[in-house]
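Enquirer: Just model_38.csv, nothing more (CSV, C-alpha atoms):
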```csv
chain,number,residue,atom,x,y,z
A,1,MET,CA,302.0,-49.3,102.7
A,2,ALA,CA,301.9,-46.3,105.0
A,3,LEU,CA,304.8,-44.7,103.0
A,4,ILE,CA,302.8,-45.3,99.7
A,5,TYR,CA,299.8,-43.5,101.2
A,6,ASP,CA,302.0,-40.6,102.3
A,7,VAL,CA,303.4,-40.3,98.9
A,8,ILE,CA,300.0,-40.3,97.3
A,9,HIS,CA,298.8,-37.7,99.8
A,10,LEU,CA,301.7,-35.4,99.2
A,11,PHE,CA,301.4,-35.7,95.4
A,12,LEU,CA,297.7,-34.8,95.5
A,13,TRP,CA,298.4,-31.7,97.6
A,14,VAL,CA,301.3,-30.6,95.3
A,15,LEU,CA,298.9,-31.1,92.3
A,16,ALA,CA,296.2,-29.1,94.1
A,17,VAL,CA,298.6,-26.2,94.7
A,18,TYR,CA,299.7,-26.2,91.1
A,19,LEU,CA,296.1,-26.3,89.7
A,20,SER,CA,295.1,-23.6,92.2
A,21,PHE,CA,297.8,-21.4,90.8
A,22,ASN,CA,296.4,-22.0,87.3
A,23,CYS,CA,292.8,-21.2,88.3
A,24,LEU,CA,293.8,-18.1,90.3
A,25,TYR,CA,295.8,-16.6,87.5
A,26,LEU,CA,293.2,-17.2,84.8
A,27,ALA,CA,290.3,-16.0,87.0
A,28,PHE,CA,292.2,-12.8,88.0
A,29,PHE,CA,292.8,-11.7,84.4
A,30,ALA,CA,289.4,-12.9,83.3
A,31,LEU,CA,287.8,-10.5,85.8
A,32,ALA,CA,290.2,-7.7,84.7
A,33,GLY,CA,289.0,-8.3,81.2
A,34,LEU,CA,285.5,-7.4,82.1
A,35,PHE,CA,286.6,-3.7,82.3
A,36,PRO,CA,286.6,-1.6,79.2
A,37,LEU,CA,289.6,-0.4,77.1
A,38,LYS,CA,289.8,2.9,75.4
A,39,PRO,CA,288.6,2.6,71.8
A,40,ALA,CA,291.2,2.8,69.0
A,41,GLN,CA,291.6,6.0,67.1
A,42,LYS,CA,291.7,5.7,63.3
A,43,THR,CA,292.8,9.1,62.1
A,44,ALA,CA,296.2,10.7,62.4
A,45,ALA,CA,298.2,13.8,61.4
A,46,THR,CA,300.7,11.8,59.5
A,47,TYR,CA,300.7,8.4,57.8
A,48,LYS,CA,303.5,6.0,57.9
A,49,LYS,CA,304.6,3.6,55.2
A,50,ILE,CA,303.5,0.0,56.1
A,51,ALA,CA,304.7,-3.4,54.9
A,52,VAL,CA,302.0,-6.0,55.3
A,53,LEU,CA,303.9,-9.3,55.5
A,54,PHE,CA,302.3,-12.7,54.6
A,55,PRO,CA,304.7,-15.6,55.6
A,56,THR,CA,303.2,-18.3,53.4
A,57,TYR,CA,304.0,-22.1,53.5
A,58,HIS,CA,302.4,-24.3,50.9
A,59,ALA,CA,299.0,-22.5,50.8
A,60,ASP,CA,298.5,-21.5,47.2
A,61,GLU,CA,294.8,-21.0,47.0
A,62,VAL,CA,294.4,-19.3,50.3
A,63,ILE,CA,297.2,-16.7,49.7
A,64,ILE,CA,295.5,-15.6,46.5
A,65,GLU,CA,292.3,-14.8,48.4
A,66,SER,CA,294.1,-13.1,51.3
A,67,THR,CA,296.3,-11.0,49.0
A,68,HIS,CA,293.4,-9.9,46.9
A,69,ALA,CA,291.6,-8.7,50.1
A,70,ALA,CA,294.7,-7.0,51.5
A,71,LEU,CA,295.4,-5.1,48.2
A,72,THR,CA,292.0,-3.6,48.3
A,73,HIS,CA,292.3,-2.5,52.0
A,74,ASP,CA,291.4,1.2,52.6
A,75,TYR,CA,294.4,3.1,54.1
A,76,ASP,CA,295.0,6.8,54.0
A,77,GLY,CA,298.8,6.3,53.7
A,78,GLU,CA,301.1,4.1,51.6
A,79,PHE,CA,301.4,0.4,52.1
A,80,GLU,CA,302.6,-2.7,50.2
A,81,ILE,CA,301.7,-6.3,50.4
A,82,VAL,CA,304.7,-8.6,50.7
A,83,VAL,CA,304.2,-12.4,50.3
A,84,ILE,CA,307.0,-14.5,51.6
A,85,ALA,CA,306.6,-17.5,49.5
A,86,ASP,CA,307.9,-20.8,50.9
A,87,GLY,CA,306.9,-23.7,48.7
A,88,LEU,CA,304.4,-21.9,46.5
A,89,MET,CA,303.9,-23.0,42.9
A,90,PRO,CA,305.5,-20.8,40.2
A,91,GLN,CA,302.1,-20.0,38.7
A,92,THR,CA,300.9,-18.8,42.1
A,93,ASN,CA,303.9,-16.5,42.5
A,94,ALA,CA,303.3,-15.1,39.0
A,95,GLN,CA,299.7,-14.5,39.8
A,96,LEU,CA,300.5,-12.7,43.0
A,97,LYS,CA,303.0,-10.4,41.2
A,98,ALA,CA,300.4,-9.7,38.5
A,99,MET,CA,298.0,-8.7,41.3
A,100,GLY,CA,300.4,-6.1,42.6
A,101,ALA,CA,302.0,-7.9,45.5
A,102,GLU,CA,305.8,-8.1,46.2
A,103,VAL,CA,306.8,-11.8,46.2
A,104,ILE,CA,310.0,-12.9,48.1
A,105,GLU,CA,310.8,-16.6,47.6
A,106,VAL,CA,312.5,-18.5,50.4
A,107,PHE,CA,314.1,-21.9,50.6
A,108,PHE,CA,314.9,-23.6,53.9
A,109,GLU,CA,315.8,-27.2,54.8
A,110,LYS,CA,313.5,-26.7,57.9
A,111,SER,CA,311.1,-23.8,57.5
A,112,THR,CA,310.1,-21.5,60.3
A,113,LYS,CA,308.1,-18.3,60.2
A,114,GLY,CA,310.9,-16.4,62.0
A,115,LYS,CA,313.6,-17.4,59.4
A,116,ALA,CA,311.2,-16.5,56.6
A,117,LEU,CA,310.4,-13.0,58.1
A,118,LEU,CA,314.1,-12.3,58.7
A,119,TYR,CA,315.0,-13.2,55.2
A,120,ALA,CA,312.3,-10.9,53.8
A,121,MET,CA,313.3,-8.0,56.1
A,122,GLU,CA,316.9,-8.3,54.9
A,123,LYS,CA,315.6,-8.1,51.3
A,124,LEU,CA,313.4,-5.1,52.1
A,125,LYS,CA,315.8,-3.1,54.3
A,126,ASP,CA,316.3,-0.4,51.7
A,127,ARG,CA,312.6,0.2,51.1
A,128,ALA,CA,312.1,2.8,53.8
A,129,PHE,CA,309.1,1.1,55.6
A,130,ASP,CA,308.1,2.5,59.0
A,131,ILE,CA,305.8,-0.3,60.2
A,132,ALA,CA,305.7,-4.1,59.6
A,133,LEU,CA,302.3,-5.8,60.1
A,134,VAL,CA,302.5,-9.6,60.2
A,135,LEU,CA,299.5,-11.6,59.0
A,136,ASP,CA,299.0,-15.4,58.6
A,137,VAL,CA,298.3,-16.7,55.2
A,138,ASP,CA,294.5,-16.9,55.9
A,139,ASN,CA,294.1,-13.6,57.6
A,140,LEU,CA,291.9,-10.8,56.5
A,141,MET,CA,292.2,-7.2,57.8
A,142,GLY,CA,289.0,-5.6,59.3
A,143,ALA,CA,287.8,-2.2,58.4
A,144,ASP,CA,290.3,0.7,59.1
A,145,CYS,CA,292.9,-1.8,60.4
A,146,LEU,CA,295.9,0.0,59.0
A,147,ASN,CA,294.6,3.4,59.9
A,148,ALA,CA,294.3,2.3,63.5
A,149,VAL,CA,297.8,0.7,63.5
A,150,ASN,CA,299.2,3.9,62.1
A,151,ASN,CA,297.6,6.0,64.9
A,152,VAL,CA,299.1,3.8,67.6
A,153,PHE,CA,302.6,4.2,66.1
A,154,GLU,CA,302.1,8.0,65.8
A,155,GLN,CA,301.5,7.9,69.6
A,156,GLY,CA,304.9,6.5,70.1
A,157,HIS,CA,304.3,2.7,70.5
A,158,GLN,CA,306.8,0.3,69.0
A,159,VAL,CA,304.6,-2.9,69.1
A,160,VAL,CA,300.9,-3.5,68.8
A,161,GLN,CA,298.7,-6.6,68.9
A,162,LEU,CA,295.3,-6.5,67.1
A,163,HIS,CA,292.2,-8.5,68.1
A,164,ARG,CA,292.4,-11.7,66.1
A,165,THR,CA,289.0,-13.3,65.7
A,166,ALA,CA,287.3,-16.1,63.7
A,167,LYS,CA,286.3,-15.7,60.1
A,168,ASN,CA,284.8,-19.2,59.8
A,169,LEU,CA,282.3,-20.8,62.2
A,170,ASP,CA,281.2,-23.5,59.7
A,171,THR,CA,281.7,-26.5,61.9
A,172,SER,CA,281.2,-27.3,65.6
A,173,PHE,CA,285.0,-27.7,66.1
A,174,ALA,CA,285.6,-24.3,64.4
A,175,PHE,CA,283.1,-22.7,66.7
A,176,LEU,CA,284.9,-24.3,69.7
A,177,ASP,CA,288.2,-23.0,68.4
A,178,ALA,CA,286.7,-19.6,67.9
A,179,CYS,CA,285.6,-19.6,71.6
A,180,ASN,CA,289.0,-20.6,72.6
A,181,GLU,CA,290.5,-17.8,70.7
A,182,GLU,CA,288.2,-15.3,72.3
A,183,VAL,CA,289.0,-16.6,75.8
A,184,ASN,CA,292.7,-16.1,75.0
A,185,ASN,CA,291.9,-12.6,73.9
A,186,HIS,CA,290.0,-11.9,77.0
A,187,ILE,CA,292.6,-13.3,79.5
A,188,TYR,CA,296.0,-12.9,77.8
A,189,ARG,CA,295.3,-9.7,75.9
A,190,LYS,CA,292.4,-7.5,77.1
A,191,GLY,CA,292.8,-8.5,80.8
A,192,GLN,CA,296.5,-7.8,80.7
A,193,ALA,CA,296.1,-4.5,78.9
A,194,VAL,CA,293.5,-3.3,81.4
A,195,LEU,CA,296.1,-3.8,84.2
A,196,ARG,CA,298.7,-2.0,82.1
A,197,LEU,CA,300.6,-5.2,81.2
A,198,SER,CA,301.6,-6.1,77.7
A,199,PRO,CA,299.2,-8.5,75.9
A,200,ALA,CA,300.6,-11.8,74.7
A,201,LEU,CA,301.6,-11.7,71.0
A,202,ILE,CA,299.7,-14.3,68.9
A,203,GLY,CA,301.8,-14.8,65.8
A,204,SER,CA,299.6,-12.7,63.5
A,205,GLY,CA,297.7,-9.4,63.6
A,206,MET,CA,300.8,-7.9,65.2
A,207,ALA,CA,302.6,-4.8,64.1
A,208,PHE,CA,306.1,-3.5,64.9
A,209,ASP,CA,308.3,-0.5,64.4
A,210,TYR,CA,310.1,-1.7,61.3
A,211,THR,CA,313.7,-1.2,62.5
A,212,TYR,CA,312.9,-2.7,65.9
A,213,PHE,CA,311.2,-5.8,64.3
A,214,HIS,CA,314.3,-6.4,62.2
A,215,SER,CA,316.4,-6.4,65.4
A,216,LEU,CA,314.0,-8.8,67.1
A,217,LEU,CA,314.1,-11.3,64.3
A,218,LYS,CA,317.8,-11.5,64.4
A,219,LYS,CA,317.5,-12.9,67.9
A,220,VAL,CA,314.5,-15.3,67.3
A,221,GLY,CA,316.6,-18.2,65.9
A,222,ASP,CA,315.2,-21.5,64.8
A,223,THR,CA,312.2,-21.8,67.2
A,224,VAL,CA,308.7,-22.6,65.9
A,225,GLY,CA,307.3,-20.3,68.6
A,226,GLU,CA,308.6,-17.0,67.2
A,227,ASP,CA,305.8,-15.0,68.8
A,228,LYS,CA,306.6,-16.2,72.3
A,229,LYS,CA,310.3,-15.7,71.8
A,230,MET,CA,309.6,-12.1,70.8
A,231,ASP,CA,307.3,-11.7,73.9
A,232,PHE,CA,310.3,-12.4,76.1
A,233,LEU,CA,312.7,-10.3,74.0
A,234,ILE,CA,310.3,-7.3,74.1
A,235,ALA,CA,309.8,-7.8,77.8
A,236,GLY,CA,313.5,-7.9,78.3
A,237,ASP,CA,313.8,-4.6,76.4
A,238,ARG,CA,311.0,-3.2,78.7
A,239,VAL,CA,309.1,-2.1,75.6
A,240,GLU,CA,305.3,-1.8,76.1
A,241,VAL,CA,303.0,-3.7,73.7
A,242,ALA,CA,299.7,-1.9,72.9
A,243,TYR,CA,296.5,-3.9,72.4
A,244,LEU,CA,293.6,-2.8,70.1
A,245,ASN,CA,290.6,-4.7,71.3
A,246,ASP,CA,288.2,-3.2,68.7
A,247,VAL,CA,290.4,-3.5,65.6
A,248,PHE,CA,290.0,-7.0,64.1
A,249,VAL,CA,292.0,-9.4,62.0
A,250,TYR,CA,289.9,-12.3,60.8
A,251,ASP,CA,291.6,-15.7,61.1
A,252,GLU,CA,290.7,-19.2,59.9
A,253,LYS,CA,289.8,-21.6,62.8
A,254,VAL,CA,290.6,-25.3,62.7
A,255,SER,CA,287.6,-27.3,61.5
A,256,ASN,CA,288.5,-30.8,62.8
A,257,ALA,CA,290.2,-32.6,65.6
A,258,SER,CA,293.3,-33.8,63.6
A,259,VAL,CA,294.2,-30.2,62.5
A,260,PHE,CA,293.6,-29.1,66.1
A,261,THR,CA,296.0,-31.8,67.4
A,262,THR,CA,298.7,-30.8,64.9
A,263,GLN,CA,298.4,-27.1,65.8
A,264,ARG,CA,298.4,-27.7,69.5
A,265,THR,CA,301.5,-30.0,69.3
A,266,ARG,CA,303.5,-27.1,67.9
A,267,TRP,CA,302.1,-24.7,70.6
A,268,ILE,CA,302.8,-27.1,73.5
A,269,ALA,CA,306.3,-27.7,72.2
A,270,SER,CA,307.1,-24.0,72.1
A,271,GLN,CA,305.6,-23.5,75.6
A,272,ILE,CA,307.8,-26.2,77.0
A,273,GLU,CA,310.8,-24.8,75.2
A,274,PHE,CA,310.4,-21.4,76.8
A,275,LEU,CA,309.5,-22.8,80.2
A,276,ARG,CA,312.9,-24.5,80.3
A,277,THR,CA,314.7,-21.5,78.8
A,278,TYR,CA,313.2,-18.6,80.9
A,279,THR,CA,312.1,-19.9,84.3
A,280,LEU,CA,315.3,-18.9,86.1
A,281,THR,CA,315.7,-15.8,84.1
A,282,GLY,CA,312.1,-14.8,84.9
A,283,LEU,CA,312.9,-15.0,88.7
A,284,LYS,CA,316.0,-12.9,88.2
A,285,GLU,CA,314.1,-10.3,86.3
A,286,LEU,CA,311.5,-10.1,89.0
A,287,PHE,CA,314.1,-9.1,91.5
A,288,LYS,CA,315.2,-6.4,89.0
A,289,GLY,CA,311.7,-5.0,89.0
A,290,ASN,CA,310.8,-6.4,85.5
A,291,ILE,CA,307.2,-7.5,86.4
A,292,GLU,CA,306.4,-7.8,82.7
A,293,PHE,CA,309.1,-10.5,82.1
A,294,PHE,CA,308.1,-12.4,85.2
A,295,ASN,CA,304.5,-12.4,84.0
A,296,LYS,CA,305.5,-13.9,80.7
A,297,THR,CA,307.4,-16.6,82.6
A,298,LEU,CA,304.3,-17.4,84.7
A,299,GLN,CA,302.3,-17.9,81.5
A,300,THR,CA,304.6,-20.6,80.3
A,301,MET,CA,303.9,-22.5,83.6
A,302,LEU,CA,300.2,-22.6,83.0
A,303,MET,CA,298.6,-25.9,81.8
A,304,PRO,CA,296.7,-25.7,78.6
A,305,ARG,CA,293.1,-24.8,79.6
A,306,ILE,CA,291.4,-27.8,77.9
A,307,LEU,CA,293.7,-30.1,79.8
A,308,LEU,CA,293.2,-28.1,83.0
A,309,LEU,CA,289.4,-28.4,82.6
A,310,GLY,CA,289.6,-32.2,82.0
A,311,LEU,CA,292.0,-32.8,84.8
A,312,LEU,CA,290.0,-30.9,87.3
A,313,PHE,CA,286.9,-32.8,86.3
A,314,VAL,CA,288.7,-36.1,86.9
A,315,MET,CA,290.1,-34.9,90.2
A,316,THR,CA,286.7,-33.8,91.3
A,317,LEU,CA,285.2,-37.2,90.5
A,318,GLN,CA,288.0,-39.1,92.2
A,319,SER,CA,287.7,-37.0,95.4
A,320,PHE,CA,284.3,-38.6,96.1
A,321,PHE,CA,286.0,-42.0,96.4
A,322,ASN,CA,289.6,-41.3,97.4
A,323,PRO,CA,290.3,-40.6,101.1
A,324,PHE,CA,293.7,-39.2,100.4
A,325,GLY,CA,294.8,-35.7,99.6
A,326,PRO,CA,292.6,-32.6,99.5
A,327,ALA,CA,288.9,-32.9,100.4
A,328,LYS,CA,286.4,-32.9,97.5
A,329,GLY,CA,285.4,-29.3,98.5
A,330,LEU,CA,288.7,-28.0,97.2
A,331,TRP,CA,288.4,-29.9,93.9
A,332,LEU,CA,284.8,-28.8,93.4
A,333,THR,CA,285.8,-25.2,94.0
A,334,LEU,CA,288.6,-25.3,91.5
A,335,PHE,CA,286.5,-27.0,88.9
A,336,ALA,CA,283.7,-24.5,89.4
A,337,SER,CA,286.2,-21.6,89.2
A,338,ILE,CA,287.6,-22.7,85.8
A,339,CYS,CA,284.1,-23.1,84.5
A,340,ILE,CA,283.1,-19.6,85.6
A,341,THR,CA,286.3,-18.2,84.3
A,342,LEU,CA,285.6,-19.6,80.8
A,343,LEU,CA,281.9,-18.5,81.0
A,344,ILE,CA,282.8,-14.9,81.6
A,345,SER,CA,285.6,-14.9,79.0
A,346,VAL,CA,283.4,-16.1,76.1
A,347,PRO,CA,281.9,-13.1,74.3
A,348,ARG,CA,278.2,-12.5,75.1
A,349,ARG,CA,277.3,-12.6,71.4
A,350,PHE,CA,278.2,-16.3,71.3
A,351,TYR,CA,275.5,-17.2,73.9
A,352,GLY,CA,272.7,-16.4,71.5
A,353,ASP,CA,274.1,-18.8,68.9
A,354,LYS,CA,272.9,-22.4,69.1
A,355,ARG,CA,276.3,-23.5,67.6
A,356,LEU,CA,277.9,-22.8,70.9
A,357,TYR,CA,275.9,-25.6,72.6
A,358,LEU,CA,276.8,-28.0,69.8
A,359,ALA,CA,280.5,-27.0,70.1
A,360,ILE,CA,280.5,-27.9,73.8
A,361,TRP,CA,280.1,-31.5,72.8
A,362,GLN,CA,283.4,-31.3,71.0
A,363,ILE,CA,285.3,-30.6,74.2
A,364,PRO,CA,286.0,-34.3,74.9
A,365,ARG,CA,287.5,-34.6,71.4
A,366,ALA,CA,289.6,-31.6,72.0
A,367,MET,CA,290.8,-33.0,75.3
A,368,ILE,CA,291.9,-36.2,73.6
A,369,GLY,CA,293.6,-34.2,70.9
A,370,MET,CA,295.5,-32.3,73.6
A,371,VAL,CA,296.7,-35.5,75.2
A,372,ILE,CA,297.9,-36.8,71.8
A,373,ALA,CA,299.6,-33.4,71.2
A,374,LEU,CA,301.4,-33.7,74.6
A,375,PHE,CA,302.9,-37.0,73.6
A,376,SER,CA,303.7,-35.8,70.0
A,377,ILE,CA,305.9,-32.8,70.7
A,378,GLY,CA,309.0,-34.7,69.6
A,379,LYS,CA,307.7,-34.4,66.0
A,380,VAL,CA,308.3,-30.6,66.1
A,381,LYS,CA,312.1,-31.1,66.0
A,382,LYS,CA,311.7,-32.8,62.6
A,383,SER,CA,309.0,-30.6,61.1
A,384,ASN,CA,307.4,-27.3,61.7
A,385,LEU,CA,303.9,-29.0,61.7
A,386,ALA,CA,302.3,-26.2,59.7
A,387,THR,CA,298.6,-25.9,60.1
A,388,PRO,CA,296.6,-26.8,57.0
A,389,HIS,CA,294.4,-24.1,55.6
A,390,GLN,CA,291.3,-24.0,53.4
A,391,ASN,CA,289.3,-21.4,51.5
A,392,THR,CA,286.5,-20.0,53.4
A,393,ASN,CA,283.5,-17.9,52.4
A,394,THR,CA,284.2,-14.9,54.6
A,395,SER,CA,281.2,-12.8,53.6
A,396,GLU,CA,278.9,-14.6,55.8
A,397,ASN,CA,281.2,-15.0,58.8
A,398,LYS,CA,281.9,-11.5,59.7
A,399,THR,CA,278.5,-10.7,60.9
```
Spell out the structure here as structure tokens.
Expert:
Amino acid sequence: MALIYDVIHLFLWVLAVYLSFNCLYLAFFALAGLFPLKPAQKTAATYKKIAVLFPTYHADEVIIESTHAALTHDYDGEFEIVVIADGLMPQTNAQLKAMGAEVIEVFFEKSTKGKALLYAMEKLKDRAFDIALVLDVDNLMGADCLNAVNNVFEQGHQVVQLHRTAKNLDTSFAFLDACNEEVNNHIYRKGQAVLRLSPALIGSGMAFDYTYFHSLLKKVGDTVGEDKKMDFLIAGDRVEVAYLNDVFVYDEKVSNASVFTTQRTRWIASQIEFLRTYTLTGLKELFKGNIEFFNKTLQTMLMPRILLLGLLFVMTLQSFFNPFGPAKGLWLTLFASICITLLISVPRRFYGDKRLYLAIWQIPRAMIGMVIALFSIGKVKKSNLATPHQNTNTSENKT
């Protein structure tokens, strides 16, 4: 019996150390994110040719709306809209072409965004593009988006991540997802950029030097986490990623728990994949002085925040009754720290919106969804688990 108590005691202390690491990392970069970044410049001496790429998987109605908005975007240079059509109906492809978009059809036994992008880049390699901007099928570019991207590349950058934000806040769950997106922006993008580290790529609203992007895609492979793979490849190349915190790309947020679970299943699977792949490499890179690569490795070790919040809540409750392991003061401190971290990371404008307080009640459902996602990651090997999309009325969601 004494041995069992010792094992429980040791396990709780190991868990406390791991959760403390999570809380310290998040709190550190959340505090860094409170400091300002230099505003983006939107004029330049020269204007580069930009390919705006829409990898599209079975989203016929949504891509029509997104393409129409992209084609009317105001850019002082030359740009083209390229739709990479995976599973679109023939009439949709015809309509896109009639609108003025380039349509490249792809056919894969197992579809991934990385393979679709590489195929398109191969098709476009003789078109003399300077920059590739990747958008999700539901994304809308904010004002002067391409002008700001052009300016960053004129300054010599090879990769830039834009500020992806919600375009729909129509349900409590969508509002919760919007909050989560902004917390990610605050901690993993703005906080990193303030400290001169590269922001984490997010899969869309990201732009690359065209030639460099082509070379990256050749190394991405069959993963569903192409953005995270590129994070590591870029860090390995010691290329700095710029972040434009005040240049927006509007993105559809998930509106219900089932879609949330599907999306998070894919995300957790990719995180575990790269945790296994790069942990030892990250340690080696640290000794070579590559802090950027090691930092990306640390991020794969972090527990998803919604699970972290739930687990710390449970551990705090049990500490009032369990005589083993850390005292309740430690669990209370950790739980309070993650709550404060989240509070300072949510944009101030959200606090005046009553929908925030309705969204808080969706947190338990999100926690359940994350647990289901954790036990469903095996499905990713059989399917890419693409996130379903819907048409949204964007005119009232950008205010």
Enquirer: Can you pull out the residues contacting Glu78 in chain A? Cut-off 9 Å, using all atoms listed in the file, and skip same-chain residues under 4 positions away; I want them as a list in words.
Expert: Tyr47, Lys48, Lys49, Ile50 and Ala51 of chain A
Enquirer: Taking only C-alpha atoms into account, which of A:Tyr351, A:Tyr25, A:Tyr243, A:Phe293 comes nearest Ala148 in chain A?
Expert: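 Closest candidate: A:Tyr243.
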Enquirer: Please provide the set of residues having any atom within 6 Å of range 58-71 of chain A, restricted to only C-alpha atoms, with same-chain residues fewer than 5 positions apart removed, written as a JSON list (two decimals) with C-alpha atoms, keeping the file's coordinate frame.
Expert:
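Result file is selection.json:
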```
[["chain", "number", "residue", "atom", "x", "y", "z"],
["A", 87, "GLY", "CA", 306.90, -23.70, 48.70],
["A", 88, "LEU", "CA", 304.40, -21.90, 46.50],
["A", 137, "VAL", "CA", 298.30, -16.70, 55.20],
["A", 138, "ASP", "CA", 294.50, -16.90, 55.90],
["A", 391, "ASN", "CA", 289.30, -21.40, 51.50]]
```
Enquirer: Report the closest atom pair, with its distance in Å rounded to one decimal, for each residue of range 73-172 of chain A that has an atom no farther than 10 Å from range 353-366 of chain A; count all atoms listed in the file, sort by chain and then rising residue number, and write it as a tab-separated table.
Expert:
```
residue	atom	partner	partner_atom	distance
A:Leu169	CA	A:Arg355	CA	8.5
A:Asp170	CA	A:Arg355	CA	9.3
A:Thr171	CA	A:Ala359	CA	8.3
A:Ser172	CA	A:Ala359	CA	4.6
```
Enquirer: If we count all atoms listed in the file, what is near range 308-319 of chain A at a cut-off of 12 Å, once residues fewer than 5 positions away on the same chain are taken out, given as a ChimeraX atom specification?
Expert: /A:9,12-13,15-16,18-23,26,302-303,324-342,363-371
Enquirer: Generate the output file for the selected residues, C-alpha atoms, as a PDB file, keeping the file's coordinate frame.
Expert:
```pdb
ATOM      1  CA  HIS A   9     298.800 -37.700  99.800  1.00  0.00           C
ATOM      2  CA  LEU A  12     297.700 -34.800  95.500  1.00  0.00           C
ATOM      3  CA  TRP A  13     298.400 -31.700  97.600  1.00  0.00           C
ATOM      4  CA  LEU A  15     298.900 -31.100  92.300  1.00  0.00           C
ATOM      5  CA  ALA A  16     296.200 -29.100  94.100  1.00  0.00           C
ATOM      6  CA  TYR A  18     299.700 -26.200  91.100  1.00  0.00           C
ATOM      7  CA  LEU A  19     296.100 -26.300  89.700  1.00  0.00           C
ATOM      8  CA  SER A  20     295.100 -23.600  92.200  1.00  0.00           C
ATOM      9  CA  PHE A  21     297.800 -21.400  90.800  1.00  0.00           C
ATOM     10  CA  ASN A  22     296.400 -22.000  87.300  1.00  0.00           C
ATOM     11  CA  CYS A  23     292.800 -21.200  88.300  1.00  0.00           C
ATOM     12  CA  LEU A  26     293.200 -17.200  84.800  1.00  0.00           C
ATOM     13  CA  LEU A 302     300.200 -22.600  83.000  1.00  0.00           C
ATOM     14  CA  MET A 303     298.600 -25.900  81.800  1.00  0.00           C
ATOM     15  CA  PHE A 324     293.700 -39.200 100.400  1.00  0.00           C
ATOM     16  CA  GLY A 325     294.800 -35.700  99.600  1.00  0.00           C
ATOM     17  CA  PRO A 326     292.600 -32.600  99.500  1.00  0.00           C
ATOM     18  CA  ALA A 327     288.900 -32.900 100.400  1.00  0.00           C
ATOM     19  CA  LYS A 328     286.400 -32.900  97.500  1.00  0.00           C
ATOM     20  CA  GLY A 329     285.400 -29.300  98.500  1.00  0.00           C
ATOM     21  CA  LEU A 330     288.700 -28.000  97.200  1.00  0.00           C
ATOM     22  CA  TRP A 331     288.400 -29.900  93.900  1.00  0.00           C
ATOM     23  CA  LEU A 332     284.800 -28.800  93.400  1.00  0.00           C
ATOM     24  CA  THR A 333     285.800 -25.200  94.000  1.00  0.00           C
ATOM     25  CA  LEU A 334     288.600 -25.300  91.500  1.00  0.00           C
ATOM     26  CA  PHE A 335     286.500 -27.000  88.900  1.00  0.00           C
ATOM     27  CA  ALA A 336     283.700 -24.500  89.400  1.00  0.00           C
ATOM     28  CA  SER A 337     286.200 -21.600  89.200  1.00  0.00           C
ATOM     29  CA  ILE A 338     287.600 -22.700  85.800  1.00  0.00           C
ATOM     30  CA  CYS A 339     284.100 -23.100  84.500  1.00  0.00           C
ATOM     31  CA  ILE A 340     283.100 -19.600  85.600  1.00  0.00           C
ATOM     32  CA  THR A 341     286.300 -18.200  84.300  1.00  0.00           C
ATOM     33  CA  LEU A 342     285.600 -19.600  80.800  1.00  0.00           C
ATOM     34  CA  ILE A 363     285.300 -30.600  74.200  1.00  0.00           C
ATOM     35  CA  PRO A 364     286.000 -34.300  74.900  1.00  0.00           C
ATOM     36  CA  ARG A 365     287.500 -34.600  71.400  1.00  0.00           C
ATOM     37  CA  ALA A 366     289.600 -31.600  72.000  1.00  0.00           C
ATOM     38  CA  MET A 367     290.800 -33.000  75.300  1.00  0.00           C
ATOM     39  CA  ILE A 368     291.900 -36.200  73.600  1.00  0.00           C
ATOM     40  CA  GLY A 369     293.600 -34.200  70.900  1.00  0.00           C
ATOM     41  CA  MET A 370     295.500 -32.300  73.600  1.00  0.00           C
ATOM     42  CA  VAL A 371     296.700 -35.500  75.200  1.00  0.00           C
TER      43      VAL A 371
END
```
Enquirer: What's the 10 Å shell around range 267-275 of chain A, counting all atoms listed in the file, without same-chain residues fewer than 2 positions away, as a PyMOL selection string?
Expert: chain A and resi 223-229+232+261-265+277-280+282+296-304+370+373-381
Enquirer: Identify which of the residues A:Glu252, A:Asp6, A:Asp246, A:Glu80 lies closest to Leu37 in chain A, counting only C-alpha atoms when measuring atom-to-atom distances.
Expert: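 With only C-alpha atoms as the atom set, the closest residue is A:Asp246.
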Enquirer: Between CA of His186 in chain A and CA of Ser345 in chain A, what is the distance in Å, rounded to a tenth?
Expert: 5.7 Å
Enquirer: Please return, as a VMD selection string, all polymer residues that have at least one atom within 8 Å of the point (297.1, -6.3, 43.3); use all atoms listed in the file and the file's own coordinate frame.
Expert: chain A and resid 67 to 68 71 to 72 96 to 101
Enquirer: Rank nothing, just name the residue among A:Gly205, A:Ala174, A:Asn295, A:Phe11 nearest to Gln192 in chain A, using all atoms listed in the file.
Expert: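 Going through A:Gly205, A:Ala174, A:Asn295, A:Phe11 one by one, the smallest distance to Gln192 in chain A is for A:Asn295.
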Enquirer: Out of A:Ala257, A:Leu135, A:Leu146, A:Leu31, which residue has the shortest atom-to-atom distance to Ile202 in chain A when counting all atoms listed in the file?
Expert: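 Checking each candidate against Ile202 in chain A, we get A:Leu135 as the closest.
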Enquirer: Just give me the gap between CA of Gln41 in chain A and CA of Glu240 in chain A in Å, one decimal is fine.
Expert: 18.2 Å
Enquirer: Starting from the point (292.9, -1.0, 67.9), work out which residues of protein, DNA or RNA have an atom no more than 12 Å away when counting all atoms listed in the file; state them as a ChimeraX atom specification.
Expert: /A:37-43,141-153,159-164,190,193,205-207,241-249
Enquirer: Given only C-alpha atoms as the basis, pick out the residue of A:Glu105, A:Met230, A:Pro347, A:Ala128 nearest to Phe213 in chain A.
Expert: A:Met230
